[in-house]
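What follows is the content of data.txt (compact mmCIF, C-alpha atoms).
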```txt
# COMPACT_ATOMS: atom_id res chain seq x y z
CA MET A 1055 74.52 84.94 137.36
CA ALA A 1056 77.63 87.03 136.73
CA ARG A 1057 77.84 90.17 138.83
CA ILE A 1058 78.85 93.37 137.07
CA THR A 1059 80.52 95.76 139.48
CA LYS A 1060 80.98 99.48 139.08
CA ASN A 1061 84.64 98.92 138.15
CA THR A 1062 83.64 96.32 135.57
CA CYS A 1063 81.11 98.72 134.10
CA CYS A 1064 83.73 101.46 133.85
CA PHE A 1065 86.13 99.04 132.15
CA ILE A 1066 83.47 97.98 129.63
CA THR A 1067 82.67 101.62 128.88
CA LEU A 1068 86.35 102.46 128.38
CA PHE A 1069 86.96 99.39 126.22
CA SER A 1070 83.90 100.15 124.09
CA THR A 1071 85.09 103.72 123.57
CA LEU A 1072 88.55 102.56 122.52
CA LEU A 1073 87.11 99.89 120.26
CA TRP A 1074 84.76 102.39 118.61
CA GLY A 1075 87.69 104.67 117.87
CA PHE A 1076 89.60 101.72 116.47
CA THR A 1077 86.75 100.50 114.25
CA SER A 1078 86.19 103.94 112.78
CA ASP A 1079 89.53 103.56 111.01
CA TYR A 1080 89.57 99.79 110.59
CA LYS A 1081 86.57 98.79 108.50
CA TRP A 1082 87.44 95.10 108.55
CA LEU A 1083 86.77 94.83 112.31
CA ASN A 1084 83.27 93.33 112.45
CA ASP A 1085 81.38 90.34 113.79
CA SER A 1086 82.45 87.11 112.15
CA ASP A 1087 82.51 83.43 112.96
CA ASP A 1088 85.37 82.91 110.54
CA LYS A 1089 88.50 81.74 112.38
CA GLY A 1090 90.69 83.18 109.63
CA HIS A 1091 89.03 86.55 110.10
CA ASP A 1092 89.64 86.42 113.84
CA GLU A 1093 93.33 85.69 113.26
CA PHE A 1094 93.43 88.54 110.78
CA VAL A 1095 91.88 90.99 113.26
CA ILE A 1096 94.38 90.03 115.96
CA SER A 1097 97.29 90.35 113.54
CA GLN A 1098 96.10 93.80 112.45
CA MET A 1099 95.85 95.02 116.03
CA ASN A 1100 99.34 93.73 116.78
CA ARG A 1101 100.87 95.14 113.59
CA THR A 1102 99.25 98.53 114.10
CA LYS A 1103 100.35 98.72 117.73
CA LEU A 1104 103.92 97.78 116.83
CA LEU A 1105 104.03 100.24 113.95
CA LYS A 1106 102.81 103.18 116.02
CA SER A 1107 105.25 102.41 118.81
CA ALA A 1108 108.20 102.01 116.43
CA CYS A 1109 107.28 105.22 114.59
CA GLN A 1110 107.42 107.14 117.86
CA GLN A 1111 110.68 105.51 118.93
CA SER A 1112 112.25 106.24 115.55
CA ASN A 1113 110.93 109.81 115.47
CA LEU A 1114 109.44 109.23 112.01
CA SER A 1115 105.99 110.69 112.72
CA LYS A 1116 105.39 114.17 111.31
CA PRO A 1117 101.78 115.04 112.16
CA PHE A 1118 101.80 118.37 110.34
CA GLY A 1119 104.09 117.45 107.47
CA ARG A 1120 103.06 117.48 103.82
CA MET A 1121 102.92 114.27 101.88
CA SER A 1122 105.95 113.70 99.72
CA PRO A 1123 105.15 113.75 95.97
CA PHE A 1124 107.32 110.64 95.72
CA VAL A 1125 105.10 108.77 98.20
CA ALA A 1126 101.97 110.00 96.42
CA ARG A 1127 103.30 108.36 93.26
CA SER A 1128 103.61 105.06 95.10
CA LEU A 1129 99.91 105.06 96.02
CA PHE A 1130 97.53 103.57 93.44
CA VAL A 1131 93.85 104.47 93.54
CA GLU A 1132 90.71 102.57 92.54
CA GLN A 1133 87.82 105.00 92.95
CA LYS A 1134 84.81 102.73 92.51
CA HIS A 1135 85.73 100.64 95.56
CA LYS A 1136 87.45 103.53 97.38
CA PHE A 1137 90.70 101.62 97.54
CA ILE A 1138 94.30 102.82 97.80
CA ILE A 1139 97.30 100.51 97.86
CA CYS A 1140 100.94 101.43 98.26
CA ALA A 1141 102.83 99.59 95.54
CA VAL A 1142 105.90 98.00 97.13
CA PRO A 1143 107.93 96.22 94.44
CA LYS A 1144 108.68 92.55 95.17
CA VAL A 1145 105.73 92.37 97.56
CA GLY A 1146 103.11 91.35 95.02
CA CYS A 1147 102.47 94.86 93.71
CA THR A 1148 102.07 93.75 90.08
CA ASN A 1149 99.21 91.48 91.06
CA TRP A 1150 97.57 94.28 93.06
CA LYS A 1151 97.78 96.49 89.98
CA ARG A 1152 96.23 93.62 88.04
CA ILE A 1153 93.37 93.55 90.56
CA ILE A 1154 92.84 97.30 90.21
CA LEU A 1155 92.55 96.88 86.43
CA LEU A 1156 90.07 94.03 86.85
CA LEU A 1157 87.98 96.14 89.23
CA LYS A 1158 88.06 99.19 86.98
CA LEU A 1159 87.14 97.24 83.86
CA ASN A 1160 84.63 94.88 85.54
CA LEU A 1161 86.59 91.86 84.36
CA SER A 1162 87.16 88.43 85.91
CA THR A 1163 90.42 86.93 87.13
CA GLU A 1164 90.46 84.73 84.02
CA VAL A 1165 91.47 87.73 81.91
CA HIS A 1166 95.22 87.75 81.31
CA PHE A 1167 97.28 90.93 81.21
CA GLU A 1168 100.85 90.93 79.96
CA HIS A 1169 103.30 91.93 82.69
CA ASN A 1170 104.51 95.10 80.98
CA ALA A 1171 101.00 96.06 79.91
CA ILE A 1172 99.93 96.18 83.55
CA HIS A 1173 102.60 98.68 84.56
CA GLU A 1174 102.05 100.82 81.47
CA SER A 1175 98.24 100.88 81.58
CA ALA A 1176 96.60 104.30 81.38
CA PHE A 1177 93.80 102.93 83.60
CA LEU A 1178 96.13 102.84 86.61
CA LYS A 1179 95.86 106.08 88.56
CA ARG A 1180 98.27 107.25 91.22
CA LEU A 1181 97.29 109.50 94.09
CA SER A 1182 99.67 112.07 92.61
CA ASP A 1183 97.41 112.27 89.53
CA TYR A 1184 94.74 114.07 91.58
CA PRO A 1185 94.67 117.64 92.95
CA ALA A 1186 95.72 118.16 96.56
CA ASP A 1187 92.21 118.57 97.98
CA GLN A 1188 91.05 115.35 96.32
CA GLN A 1189 94.14 113.56 97.61
CA ARG A 1190 93.25 114.59 101.16
CA MET A 1191 89.67 113.41 100.69
CA MET A 1192 90.82 110.03 99.39
CA LEU A 1193 93.32 109.56 102.19
CA THR A 1194 90.57 110.30 104.70
CA ASN A 1195 87.78 108.19 103.22
CA TYR A 1196 89.34 105.36 101.21
CA THR A 1197 90.59 102.00 102.47
CA LYS A 1198 94.37 102.33 102.50
CA VAL A 1199 96.49 99.19 102.29
CA MET A 1200 100.20 98.45 102.54
CA PHE A 1201 101.90 95.06 102.18
CA THR A 1202 105.39 94.32 103.47
CA ARG A 1203 107.91 91.51 103.19
CA HIS A 1204 111.01 90.50 105.12
CA PRO A 1205 113.65 92.99 103.89
CA PHE A 1206 116.25 90.32 103.16
CA GLN A 1207 113.82 88.12 101.26
CA ARG A 1208 112.69 91.16 99.30
CA ILE A 1209 116.18 92.17 98.14
CA VAL A 1210 117.06 88.60 97.15
CA SER A 1211 113.86 88.52 95.12
CA ALA A 1212 114.81 91.86 93.54
CA TYR A 1213 118.29 90.62 92.70
CA ARG A 1214 116.97 87.42 91.09
CA ASP A 1215 114.37 89.34 89.12
CA LYS A 1216 116.48 92.23 87.89
CA PHE A 1217 119.92 90.70 87.47
CA LEU A 1218 119.20 87.10 86.50
CA HIS A 1219 116.58 88.29 83.98
CA PRO A 1220 117.78 91.82 83.17
CA GLY A 1221 116.05 94.08 80.72
CA ASP A 1222 117.94 96.92 79.07
CA TYR A 1223 117.62 99.26 82.06
CA TYR A 1224 118.95 96.75 84.57
CA LYS A 1225 121.75 95.75 82.21
CA HIS A 1226 122.75 99.39 82.48
CA ILE A 1227 122.52 99.24 86.30
CA ALA A 1228 124.60 96.04 86.21
CA ASN A 1229 127.32 97.87 84.28
CA ILE A 1230 127.30 100.66 86.88
CA ILE A 1231 127.68 98.10 89.67
CA LYS A 1232 130.54 96.41 87.86
CA SER A 1233 132.37 99.70 87.38
CA GLN A 1234 131.88 100.81 91.00
CA VAL A 1235 132.33 97.51 92.82
CA ARG A 1236 134.15 95.15 90.49
CA LYS A 1237 136.17 98.05 89.03
CA VAL A 1238 136.11 96.38 85.63
CA ASN A 1239 133.24 95.61 83.27
CA THR A 1240 133.68 91.90 82.61
CA PRO A 1241 130.89 89.85 80.99
CA GLU A 1242 130.07 87.74 84.07
CA PRO A 1243 126.72 88.62 85.69
CA VAL A 1244 126.67 90.82 88.78
CA THR A 1245 126.89 88.63 91.87
CA PHE A 1246 124.59 89.05 94.85
CA LYS A 1247 127.57 90.13 96.94
CA GLU A 1248 128.43 92.86 94.42
CA PHE A 1249 124.80 93.96 94.30
CA VAL A 1250 124.65 94.34 98.09
CA GLN A 1251 128.03 96.08 98.23
CA TYR A 1252 126.65 98.57 95.74
CA ILE A 1253 123.33 99.35 97.45
CA VAL A 1254 124.83 99.85 100.93
CA GLN A 1255 127.02 102.60 99.46
CA GLN A 1256 124.05 104.56 98.11
CA VAL A 1257 121.85 107.22 99.71
CA PRO A 1258 118.68 105.32 100.73
CA THR A 1259 116.29 107.83 99.14
CA TRP A 1260 118.12 107.47 95.82
CA LEU A 1261 117.87 103.70 95.65
CA ASP A 1262 115.88 101.91 92.97
CA ILE A 1263 112.32 101.34 94.19
CA HIS A 1264 112.77 97.56 93.94
CA TRP A 1265 115.19 97.64 96.86
CA MET A 1266 114.46 100.99 98.48
CA PRO A 1267 113.38 100.54 102.13
CA MET A 1268 109.63 100.00 102.28
CA HIS A 1269 108.94 102.77 104.77
CA LEU A 1270 110.42 105.32 102.35
CA LEU A 1271 108.03 104.19 99.63
CA CYS A 1272 104.85 104.23 101.71
CA ASP A 1273 105.50 106.53 104.72
CA PRO A 1274 103.46 104.37 107.16
CA CYS A 1275 104.29 106.63 110.10
CA ASN A 1276 102.34 109.47 108.51
CA ILE A 1277 99.69 107.66 106.47
CA ASN A 1278 97.08 105.84 108.54
CA TYR A 1279 96.88 102.55 106.64
CA ASN A 1280 93.67 100.66 107.40
CA ILE A 1281 95.20 97.29 106.58
CA LEU A 1282 98.82 96.24 107.07
CA GLY A 1283 99.31 93.09 105.05
CA LYS A 1284 102.35 90.87 104.88
CA PHE A 1285 103.74 88.76 102.07
CA GLU A 1286 104.16 86.00 104.64
CA THR A 1287 100.35 85.88 105.14
CA LEU A 1288 99.48 87.00 101.64
CA LYS A 1289 96.45 84.82 100.92
CA ARG A 1290 94.69 85.51 104.20
CA ASP A 1291 95.43 89.22 104.14
CA SER A 1292 94.56 89.71 100.47
CA ASP A 1293 91.26 87.86 100.93
CA GLN A 1294 90.37 90.25 103.75
CA VAL A 1295 91.37 93.29 101.69
CA LEU A 1296 89.07 92.22 98.87
CA LYS A 1297 86.20 91.59 101.30
CA THR A 1298 86.75 94.94 102.98
CA ILE A 1299 86.59 96.97 99.76
CA GLY A 1300 83.54 95.06 98.52
CA ALA A 1301 85.21 93.39 95.55
CA PRO A 1302 83.19 90.75 93.66
CA SER A 1303 83.25 87.44 95.55
CA ASN A 1304 84.80 85.62 92.59
CA LEU A 1305 87.78 87.98 92.48
CA LYS A 1306 90.83 86.46 94.15
CA TYR A 1307 94.42 87.55 94.50
CA PRO A 1308 96.16 85.88 91.53
CA GLU A 1309 99.01 83.42 92.06
CA LEU A 1310 100.99 84.63 89.07
CA LYS A 1311 104.73 85.08 88.57
CA GLN A 1312 106.57 86.70 85.71
CA TYR A 1313 109.20 83.93 85.50
CA ASN A 1314 108.82 80.18 85.79
CA GLU A 1315 111.11 79.62 88.76
CA SER A 1316 110.75 78.88 92.45
CA ARG A 1317 109.70 81.71 94.73
CA THR A 1318 112.33 83.33 96.90
CA ASP A 1319 112.00 81.43 100.17
CA THR A 1320 114.10 81.11 103.32
CA ASN A 1321 116.40 78.46 101.85
CA ILE A 1322 117.16 80.58 98.80
CA VAL A 1323 117.75 83.66 100.97
CA ASP A 1324 120.15 81.72 103.20
CA LYS A 1325 122.07 80.55 100.15
CA TYR A 1326 122.60 84.08 98.86
CA PHE A 1327 123.35 85.60 102.25
CA SER A 1328 126.03 83.00 102.93
CA THR A 1329 128.16 84.87 100.36
CA LEU A 1330 128.16 88.14 102.33
CA PRO A 1331 131.00 89.14 104.67
CA LEU A 1332 129.92 90.29 108.13
CA ASN A 1333 130.84 93.94 107.59
CA VAL A 1334 128.61 94.11 104.49
CA LEU A 1335 125.80 92.32 106.32
CA ASP A 1336 126.03 94.88 109.14
CA LEU A 1337 125.68 97.72 106.64
CA LEU A 1338 122.68 96.01 105.08
CA VAL A 1339 120.98 95.62 108.46
CA LYS A 1340 121.57 99.31 109.09
CA LEU A 1341 120.06 100.24 105.71
CA TYR A 1342 116.85 98.34 106.44
CA ASN A 1343 116.77 98.94 110.19
CA HIS A 1344 113.54 100.96 110.13
CA ASP A 1345 111.80 98.31 108.03
CA PHE A 1346 112.78 95.66 110.56
CA MET A 1347 111.49 97.77 113.46
CA LEU A 1348 108.30 99.15 111.95
CA PHE A 1349 107.01 95.90 110.49
CA GLY A 1350 108.17 93.39 113.10
CA TYR A 1351 110.84 91.51 111.19
CA SER A 1352 113.99 90.04 112.70
```

For the file at hand, write its structure as structure tokens.
Amino acid sequence: MARITKNTCCFITLFSTLLWGFTSDYKWLNDSDDKGHDEFVISQMNRTKLLKSACQQSNLSKPFGRMSPFVARSLFVEQKHKFIICAVPKVGCTNWKRIILLLKLNLSTEVHFEHNAIHESAFLKRLSDYPADQQRMMLTNYTKVMFTRHPFQRIVSAYRDKFLHPGDYYKHIANIIKSQVRKVNTPEPVTFKEFVQYIVQQVPTWLDIHWMPMHLLCDPCNINYNILGKFETLKRDSDQVLKTIGAPSNLKYPELKQYNESRTDTNIVDKYFSTLPLNVLDLLVKLYNHDFMLFGYS
């Protein structure tokens, strides 16, 4: 029979206390025989630990600061399931908005929403739509979720989306890039190199949200996100999010893309980044340095 010493007992008591404090914020931490769930729990502990450490090292934590109205606009709320997600463009945020609409309207995943209709829907509510006291209540009691993606993969995805398939607004942005970087507005599309040369010259907080650093959109050093998902483990993490908020069991994260082309993977990223000179690459690393540190990318 195993012998429990006084020191062992003290350790168990301390561990139980720490675990209780952890589970009070992390509702997904429960008994499960599911191997995928176990991997998810371990990943969440590691991601949370890394984030808190990096926030302290980077001096980004402001315990008594007010939430930025800009960040509040990035947070989308679904009240029935007490769910808040920070919408990070190019990290599956359109599909998360689609899920919010399905939850609000009690619809199944078989219902199709047009891409633009999702973003323009009056049923989507941002945290900024609510009064300050209600915002505080929601941030305290709702399940808060943020998904991230490797910064370089994200900006390549943004470039392909916005400059290979430009709408009127991004045609305008393309003309600005041509005038500032190319110095002449010729008809050829903006290249990835020109795009990067443009964004590294801008003030980070003024960047378009599709390539703004993720930590500026979601403020993870000052919002206690219950789940830190990653695009790289999207299916596993999204399944756990839906379980945690009590979504219907038949509701799954949709595998939908706006354009019929291959997803931005490592090979595609390498191809685009091979066009960048080292000095521009260094500036890009500096721009996304906090995202690399906070979310464990290299």

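Atom pair CA of Tyr1223 (chain A) / CA of Ile1209 (chain A): separated by 17.6 Å.
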
Residues near Phe1177 (chain A), cut-off 12 Å, all atoms listed in the file, skip fewer than 6 positions along chain, as a count of residues only: 15

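Among the candidates A:Leu1296, A:Leu1330, A:Val1210, A:Leu1341, the one nearest to Val1257 (chain A) when counting only C-alpha atoms is A:Leu1341.
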
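With only C-alpha atoms as the atoms that count, the minimum distance from Thr1287 (chain A) to the choices A:Thr1240, A:Gln1098, A:Ser1115, A:Ser1211 is reached by A:Gln1098.
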
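Distance check against Leu1104 (chain A) using all atoms listed in the file: of A:Leu1282, A:Val1244, A:Leu1332, A:Lys1340, the minimum falls on A:Leu1282.
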
Extract, using only C-alpha atoms, all DNA, RNA and protein residues at most 9 Å from region 1276-1280 of chain A, discarding same-chain residues fewer than 3 positions from it, and format them as a VMD selection string. chain A and resid 1079 to 1082 1098 1102 1109 1114 to 1117 1119 1121 1193 to 1194 1196 to 1200 1272 to 1273

Tyr1351 (chain A): which residues within 9 Å, counting only C-alpha atoms, same-chain residues fewer than 2 positions away excluded, as number ranges by chain? A: 1203-1205, 1345-1349

Residues from the last selection, C-alpha atoms, saved as a short mmCIF file (atom, residue, chain, number, x, y, z; two decimals), keeping the file's coordinate frame:
```cif
data_model
loop_
_atom_site.label_atom_id
_atom_site.label_comp_id
_atom_site.auth_asym_id
_atom_site.auth_seq_id
_atom_site.Cartn_x
_atom_site.Cartn_y
_atom_site.Cartn_z
CA ARG A 1203 107.91 91.51 103.19
CA HIS A 1204 111.01 90.50 105.12
CA PRO A 1205 113.65 92.99 103.89
CA ASP A 1345 111.80 98.31 108.03
CA PHE A 1346 112.78 95.66 110.56
CA MET A 1347 111.49 97.77 113.46
CA LEU A 1348 108.30 99.15 111.95
CA PHE A 1349 107.01 95.90 110.49
#
```

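Residue neighbourhood of Gln1207 (chain A), excluding near-sequence residues (fewer than 6 positions): Thr1318, Asp1319, Thr1320 and Val1323 of chain A, at 8 Å, using all atoms listed in the file.
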
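Between Gly1221 (chain A) and the candidates A:Tyr1184, A:Ser1292, A:Ala1141, A:Asn1170, the tightest atom-to-atom separation, counting all atoms listed in the file, involves A:Asn1170.
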
If you measure from CA of Val1142 (chain A) to CA of Pro1331 (chain A), what distance in Å do you get, rounded to one decimal? 27.7 Å
